[in-house]
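Below is model_19.pdb, holding PDB, N, CA and C atoms.
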```pdb
ATOM      1  N   MET A   1      -5.907 -13.802  16.249
ATOM      2  CA  MET A   1      -6.012 -15.024  15.477
ATOM      3  C   MET A   1      -4.631 -15.675  15.378
ATOM      4  N   SER A   2      -4.634 -16.981  15.423
ATOM      5  CA  SER A   2      -3.378 -17.706  15.231
ATOM      6  C   SER A   2      -3.064 -17.771  13.732
ATOM      7  N   GLN A   3      -1.851 -18.179  13.403
ATOM      8  CA  GLN A   3      -1.453 -18.309  11.999
ATOM      9  C   GLN A   3      -2.360 -19.301  11.266
ATOM     10  N   GLY A   4      -2.702 -20.404  11.919
ATOM     11  CA  GLY A   4      -3.588 -21.393  11.308
ATOM     12  C   GLY A   4      -4.984 -20.840  11.060
ATOM     13  N   GLU A   5      -5.490 -20.062  12.008
ATOM     14  CA  GLU A   5      -6.815 -19.459  11.846
ATOM     15  C   GLU A   5      -6.819 -18.423  10.724
ATOM     16  N   ILE A   6      -5.740 -17.656  10.619
ATOM     17  CA  ILE A   6      -5.639 -16.667   9.538
ATOM     18  C   ILE A   6      -5.618 -17.367   8.186
ATOM     19  N   SER A   7      -4.823 -18.422   8.067
ATOM     20  CA  SER A   7      -4.748 -19.168   6.808
ATOM     21  C   SER A   7      -6.093 -19.773   6.442
ATOM     22  N   PHE A   8      -6.786 -20.345   7.427
ATOM     23  CA  PHE A   8      -8.106 -20.937   7.201
ATOM     24  C   PHE A   8      -9.091 -19.862   6.734
ATOM     25  N   PHE A   9      -9.075 -18.709   7.384
ATOM     26  CA  PHE A   9      -9.949 -17.592   7.023
ATOM     27  C   PHE A   9      -9.696 -17.156   5.586
ATOM     28  N   PHE A  10      -8.424 -16.929   5.230
ATOM     29  CA  PHE A  10      -8.095 -16.490   3.878
ATOM     30  C   PHE A  10      -8.464 -17.543   2.834
ATOM     31  N   ALA A  11      -8.240 -18.819   3.142
ATOM     32  CA  ALA A  11      -8.583 -19.881   2.191
ATOM     33  C   ALA A  11     -10.083 -19.887   1.910
ATOM     34  N   ASN A  12     -10.889 -19.731   2.945
ATOM     35  CA  ASN A  12     -12.347 -19.697   2.749
ATOM     36  C   ASN A  12     -12.768 -18.485   1.925
ATOM     37  N   ILE A  13     -12.198 -17.334   2.211
ATOM     38  CA  ILE A  13     -12.515 -16.116   1.454
ATOM     39  C   ILE A  13     -12.140 -16.290  -0.019
ATOM     40  N   CYS A  14     -10.946 -16.812  -0.279
ATOM     41  CA  CYS A  14     -10.472 -16.966  -1.657
ATOM     42  C   CYS A  14     -11.297 -17.988  -2.428
ATOM     43  N   ARG A  15     -11.728 -19.051  -1.763
ATOM     44  CA  ARG A  15     -12.617 -20.024  -2.421
ATOM     45  C   ARG A  15     -13.933 -19.361  -2.811
ATOM     46  N   ALA A  16     -14.501 -18.573  -1.912
ATOM     47  CA  ALA A  16     -15.759 -17.881  -2.204
ATOM     48  C   ALA A  16     -15.581 -16.894  -3.361
ATOM     49  N   ILE A  17     -14.457 -16.186  -3.381
ATOM     50  CA  ILE A  17     -14.187 -15.251  -4.482
ATOM     51  C   ILE A  17     -14.100 -16.016  -5.797
ATOM     52  N   ALA A  18     -13.375 -17.130  -5.810
ATOM     53  CA  ALA A  18     -13.210 -17.921  -7.032
ATOM     54  C   ALA A  18     -14.552 -18.468  -7.520
ATOM     55  N   GLN A  19     -15.395 -18.900  -6.614
ATOM     56  CA  GLN A  19     -16.702 -19.453  -6.988
ATOM     57  C   GLN A  19     -17.644 -18.398  -7.545
ATOM     58  N   ASN A  20     -17.398 -17.140  -7.204
ATOM     59  CA  ASN A  20     -18.303 -16.064  -7.611
ATOM     60  C   ASN A  20     -17.679 -15.078  -8.581
ATOM     61  N   SER A  21     -16.623 -15.500  -9.257
ATOM     62  CA  SER A  21     -15.998 -14.633 -10.253
ATOM     63  C   SER A  21     -15.908 -15.373 -11.578
ATOM     64  N   ARG A  22     -15.834 -14.624 -12.624
ATOM     65  CA  ARG A  22     -15.747 -15.203 -13.959
ATOM     66  C   ARG A  22     -14.308 -15.608 -14.269
ATOM     67  N   PRO A  23     -14.121 -16.577 -15.156
ATOM     68  CA  PRO A  23     -12.761 -16.951 -15.555
ATOM     69  C   PRO A  23     -12.002 -15.740 -16.112
ATOM     70  N   GLY A  24     -10.784 -15.578 -15.660
ATOM     71  CA  GLY A  24      -9.948 -14.478 -16.116
ATOM     72  C   GLY A  24     -10.162 -13.174 -15.369
ATOM     73  N   ALA A  25     -11.057 -13.169 -14.379
ATOM     74  CA  ALA A  25     -11.321 -11.940 -13.621
ATOM     75  C   ALA A  25     -10.077 -11.506 -12.859
ATOM     76  N   LEU A  26      -9.881 -10.200 -12.746
ATOM     77  CA  LEU A  26      -8.811  -9.668 -11.913
ATOM     78  C   LEU A  26      -9.388  -9.376 -10.539
ATOM     79  N   ILE A  27      -8.679  -9.797  -9.524
ATOM     80  CA  ILE A  27      -9.152  -9.649  -8.151
ATOM     81  C   ILE A  27      -8.113  -8.845  -7.380
ATOM     82  N   TYR A  28      -8.548  -7.768  -6.765
ATOM     83  CA  TYR A  28      -7.669  -6.899  -5.984
ATOM     84  C   TYR A  28      -7.984  -7.109  -4.509
ATOM     85  N   ILE A  29      -6.981  -7.461  -3.741
ATOM     86  CA  ILE A  29      -7.152  -7.686  -2.307
ATOM     87  C   ILE A  29      -6.178  -6.767  -1.570
ATOM     88  N   CYS A  30      -6.706  -5.841  -0.789
ATOM     89  CA  CYS A  30      -5.859  -4.949   0.001
ATOM     90  C   CYS A  30      -5.717  -5.529   1.399
ATOM     91  N   MET A  31      -4.489  -5.644   1.854
ATOM     92  CA  MET A  31      -4.244  -6.333   3.119
ATOM     93  C   MET A  31      -3.001  -5.768   3.794
ATOM     94  N   ASP A  32      -2.970  -5.861   5.091
ATOM     95  CA  ASP A  32      -1.798  -5.460   5.859
ATOM     96  C   ASP A  32      -0.607  -6.334   5.459
ATOM     97  N   TRP A  33       0.567  -5.742   5.342
ATOM     98  CA  TRP A  33       1.745  -6.461   4.853
ATOM     99  C   TRP A  33       2.150  -7.626   5.738
ATOM    100  N   ARG A  34       1.800  -7.605   7.011
ATOM    101  CA  ARG A  34       2.236  -8.671   7.925
ATOM    102  C   ARG A  34       1.577 -10.007   7.627
ATOM    103  N   VAL A  35       0.413  -9.998   7.007
ATOM    104  CA  VAL A  35      -0.269 -11.258   6.706
ATOM    105  C   VAL A  35      -0.241 -11.582   5.213
ATOM    106  N   LEU A  36       0.501 -10.800   4.441
ATOM    107  CA  LEU A  36       0.564 -11.023   3.006
ATOM    108  C   LEU A  36       1.058 -12.422   2.622
ATOM    109  N   PRO A  37       2.123 -12.963   3.250
ATOM    110  CA  PRO A  37       2.548 -14.333   2.890
ATOM    111  C   PRO A  37       1.450 -15.373   3.131
ATOM    112  N   ALA A  38       0.708 -15.246   4.217
ATOM    113  CA  ALA A  38      -0.383 -16.191   4.493
ATOM    114  C   ALA A  38      -1.489 -16.062   3.451
ATOM    115  N   LEU A  39      -1.776 -14.836   3.031
ATOM    116  CA  LEU A  39      -2.801 -14.621   2.014
ATOM    117  C   LEU A  39      -2.390 -15.215   0.679
ATOM    118  N   VAL A  40      -1.143 -15.006   0.273
ATOM    119  CA  VAL A  40      -0.660 -15.542  -1.004
ATOM    120  C   VAL A  40      -0.758 -17.072  -1.004
ATOM    121  N   GLU A  41      -0.322 -17.711   0.074
ATOM    122  CA  GLU A  41      -0.388 -19.180   0.157
ATOM    123  C   GLU A  41      -1.824 -19.687   0.170
ATOM    124  N   ALA A  42      -2.696 -19.007   0.894
ATOM    125  CA  ALA A  42      -4.100 -19.441   0.976
ATOM    126  C   ALA A  42      -4.826 -19.229  -0.347
ATOM    127  N   ALA A  43      -4.433 -18.215  -1.110
ATOM    128  CA  ALA A  43      -5.103 -17.907  -2.374
ATOM    129  C   ALA A  43      -4.658 -18.814  -3.512
ATOM    130  N   ARG A  44      -3.465 -19.349  -3.428
ATOM    131  CA  ARG A  44      -2.891 -20.109  -4.544
ATOM    132  C   ARG A  44      -3.770 -21.263  -5.038
ATOM    133  N   PRO A  45      -4.335 -22.115  -4.167
ATOM    134  CA  PRO A  45      -5.140 -23.231  -4.680
ATOM    135  C   PRO A  45      -6.404 -22.802  -5.437
ATOM    136  N   SER A  46      -7.055 -21.744  -5.017
ATOM    137  CA  SER A  46      -8.316 -21.370  -5.666
ATOM    138  C   SER A  46      -8.168 -20.229  -6.666
ATOM    139  N   LEU A  47      -7.205 -19.337  -6.482
ATOM    140  CA  LEU A  47      -7.050 -18.185  -7.368
ATOM    141  C   LEU A  47      -5.784 -18.234  -8.214
ATOM    142  N   GLY A  48      -4.866 -19.127  -7.896
ATOM    143  CA  GLY A  48      -3.619 -19.208  -8.639
ATOM    144  C   GLY A  48      -2.567 -18.276  -8.056
ATOM    145  N   ALA A  49      -1.462 -18.163  -8.749
ATOM    146  CA  ALA A  49      -0.362 -17.321  -8.291
ATOM    147  C   ALA A  49      -0.714 -15.850  -8.488
ATOM    148  N   PRO A  50      -0.193 -14.983  -7.645
ATOM    149  CA  PRO A  50      -0.456 -13.552  -7.824
ATOM    150  C   PRO A  50       0.108 -13.047  -9.144
ATOM    151  N   ILE A  51      -0.589 -12.120  -9.740
ATOM    152  CA  ILE A  51      -0.103 -11.483 -10.961
ATOM    153  C   ILE A  51       0.914 -10.411 -10.608
ATOM    154  N   ASN A  52       0.610  -9.660  -9.555
ATOM    155  CA  ASN A  52       1.458  -8.535  -9.198
ATOM    156  C   ASN A  52       1.128  -8.115  -7.773
ATOM    157  N   ILE A  53       2.028  -7.405  -7.177
ATOM    158  CA  ILE A  53       1.763  -6.788  -5.879
ATOM    159  C   ILE A  53       2.129  -5.321  -6.010
ATOM    160  N   ALA A  54       1.162  -4.464  -5.774
ATOM    161  CA  ALA A  54       1.388  -3.022  -5.807
ATOM    162  C   ALA A  54       1.362  -2.512  -4.376
ATOM    163  N   VAL A  55       1.996  -1.394  -4.143
ATOM    164  CA  VAL A  55       2.003  -0.794  -2.818
ATOM    165  C   VAL A  55       1.495   0.631  -2.933
ATOM    166  N   TRP A  56       0.502   0.953  -2.126
ATOM    167  CA  TRP A  56      -0.039   2.306  -2.066
ATOM    168  C   TRP A  56       0.774   3.063  -1.026
ATOM    169  N   VAL A  57       1.616   3.991  -1.490
ATOM    170  CA  VAL A  57       2.429   4.799  -0.591
ATOM    171  C   VAL A  57       1.754   6.166  -0.466
ATOM    172  N   LYS A  58       1.392   6.499   0.753
ATOM    173  CA  LYS A  58       0.658   7.739   1.001
ATOM    174  C   LYS A  58       1.595   8.823   1.542
ATOM    175  N   ASP A  59       1.205  10.060   1.376
ATOM    176  CA  ASP A  59       2.005  11.176   1.876
ATOM    177  C   ASP A  59       2.166  11.128   3.385
ATOM    178  N   ARG A  60       1.119  10.704   4.072
ATOM    179  CA  ARG A  60       1.182  10.615   5.537
ATOM    180  C   ARG A  60       0.281   9.476   5.997
ATOM    181  N   ALA A  61       0.672   8.851   7.066
ATOM    182  CA  ALA A  61      -0.116   7.747   7.622
ATOM    183  C   ALA A  61      -1.453   8.278   8.103
ATOM    184  N   GLY A  62      -2.454   7.420   8.129
ATOM    185  CA  GLY A  62      -3.774   7.802   8.623
ATOM    186  C   GLY A  62      -4.761   8.101   7.521
ATOM    187  N   MET A  63      -4.305   8.260   6.277
ATOM    188  CA  MET A  63      -5.232   8.493   5.172
ATOM    189  C   MET A  63      -5.921   7.187   4.813
ATOM    190  N   GLY A  64      -7.172   7.224   4.533
ATOM    191  CA  GLY A  64      -7.914   6.019   4.183
ATOM    192  C   GLY A  64      -8.670   5.514   5.388
ATOM    193  N   GLY A  65      -9.791   4.873   5.141
ATOM    194  CA  GLY A  65     -10.647   4.447   6.241
ATOM    195  C   GLY A  65     -10.103   3.274   7.025
ATOM    196  N   PHE A  66      -9.690   2.220   6.348
ATOM    197  CA  PHE A  66      -9.292   1.004   7.035
ATOM    198  C   PHE A  66      -7.785   0.780   7.004
ATOM    199  N   LEU A  67      -7.149   1.168   5.929
ATOM    200  CA  LEU A  67      -5.714   0.945   5.772
ATOM    201  C   LEU A  67      -5.002   2.219   6.198
ATOM    202  N   ARG A  68      -4.505   2.248   7.414
ATOM    203  CA  ARG A  68      -4.061   3.486   8.017
ATOM    204  C   ARG A  68      -2.545   3.655   8.079
ATOM    205  N   SER A  69      -1.765   2.674   7.652
ATOM    206  CA  SER A  69      -0.315   2.842   7.695
ATOM    207  C   SER A  69       0.151   3.661   6.485
ATOM    208  N   ARG A  70       1.420   3.978   6.457
ATOM    209  CA  ARG A  70       1.949   4.824   5.382
ATOM    210  C   ARG A  70       1.946   4.111   4.034
ATOM    211  N   ASP A  71       2.187   2.809   4.024
ATOM    212  CA  ASP A  71       2.149   2.062   2.779
ATOM    213  C   ASP A  71       1.390   0.757   2.984
ATOM    214  N   ASP A  72       0.512   0.466   2.058
ATOM    215  CA  ASP A  72      -0.342  -0.713   2.142
ATOM    216  C   ASP A  72      -0.241  -1.517   0.856
ATOM    217  N   PRO A  73      -0.021  -2.841   0.958
ATOM    218  CA  PRO A  73       0.077  -3.664  -0.249
ATOM    219  C   PRO A  73      -1.294  -3.943  -0.853
ATOM    220  N   ASP A  74      -1.314  -4.124  -2.152
ATOM    221  CA  ASP A  74      -2.507  -4.446  -2.917
ATOM    222  C   ASP A  74      -2.150  -5.671  -3.742
ATOM    223  N   LEU A  75      -2.664  -6.825  -3.357
ATOM    224  CA  LEU A  75      -2.359  -8.081  -4.036
ATOM    225  C   LEU A  75      -3.273  -8.223  -5.232
ATOM    226  N   ARG A  76      -2.713  -8.455  -6.402
ATOM    227  CA  ARG A  76      -3.512  -8.613  -7.622
ATOM    228  C   ARG A  76      -3.483 -10.069  -8.041
ATOM    229  N   GLU A  77      -4.621 -10.703  -7.919
ATOM    230  CA  GLU A  77      -4.758 -12.104  -8.284
ATOM    231  C   GLU A  77      -5.388 -12.208  -9.658
ATOM    232  N   GLY A  78      -5.131 -13.323 -10.312
ATOM    233  CA  GLY A  78      -5.644 -13.517 -11.651
ATOM    234  C   GLY A  78      -6.990 -14.181 -11.717
ATOM    235  N   GLY A  79      -7.592 -14.464 -10.576
ATOM    236  CA  GLY A  79      -8.873 -15.161 -10.612
ATOM    237  C   GLY A  79      -8.681 -16.567 -11.137
ATOM    238  N   ARG A  80      -9.742 -17.154 -11.602
ATOM    239  CA  ARG A  80      -9.632 -18.491 -12.167
ATOM    240  C   ARG A  80      -9.031 -18.399 -13.567
ATOM    241  N   GLN A  81      -8.484 -19.487 -14.012
ATOM    242  CA  GLN A  81      -7.905 -19.507 -15.352
ATOM    243  C   GLN A  81      -8.994 -19.312 -16.391
ATOM    244  N   ALA A  82      -8.704 -18.486 -17.381
ATOM    245  CA  ALA A  82      -9.636 -18.291 -18.484
ATOM    246  C   ALA A  82      -9.631 -19.540 -19.365
ATOM    247  N   PRO A  83     -10.781 -19.902 -19.922
ATOM    248  CA  PRO A  83     -10.817 -21.085 -20.813
ATOM    249  C   PRO A  83      -9.934 -20.878 -22.029
ATOM    250  N   GLN A  84      -9.288 -21.942 -22.449
ATOM    251  CA  GLN A  84      -8.398 -21.885 -23.609
ATOM    252  C   GLN A  84      -9.161 -22.128 -24.888
TER     253      GLN A  84
END
```

Encoding of this model in structure tokens:
Amino acid sequence: MSQGEISFFFANICRAIAQNSRPGALIYICMDWRVLPALVEAARPSLGAPINIAVWVKDRAGMGGFLRSRDDPDLREGGRQAPQ
């Protein structure tokens, strides 16, 4: 996928998440670190700024079904703004 296609894909996913989550919901997105900047930018319009980024550091690479590197980022989004 090109950078534009990745951004388009993430924007569509984040819009769908925002439309199907309650205000104030916490959303956890696990993603390879190489596309993390594209994900953060694509998520900003529909989910807002990230709350935090955690990293899962494993004892050895290969643990886990899909995320197979030694450390994998976990982007924590705030979902839609809660009503005031």

So for range 22-28 of chain A, what box centre and size do we get, axis-aligned, 6 Å extra on each of the six sides, every listed atom, Å to one decimal, as AutoDock Vina command-line options?
```
--center_x -11.8 --center_y -11.9 --center_z -10.3 --size_x 20.2 --size_y 22.1 --size_z 23.6
```

Two-atom distance - CA of Gly4 in chain A, atom N of Ala54 in chain A (Å): 24.5 Å

May I ask for the distance between CA of Val35 in chain A and CA of Phe10 in chain A, given in Å to one decimal place? 9.8 Å

In terms of the shortest atom-to-atom distance over only C-alpha atoms, which of A:Tyr28, A:Pro45, A:Val40, A:Trp33 is closest to Arg15 in chain A?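 Of the candidates, the smallest distance to Arg15 in chain A is held by A:Pro45.
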
Between CA of Ser21 in chain A and atom C of Phe9 in chain A, measure the distance and give it in Å to one decimal.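 A separation of 17.2 Å between them.
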
Under the rule that only N, CA and C atoms are counted, which of A:Ala16, A:Ala11, A:Met1, A:Met31 is the nearest residue to Arg44 in chain A? A:Ala11
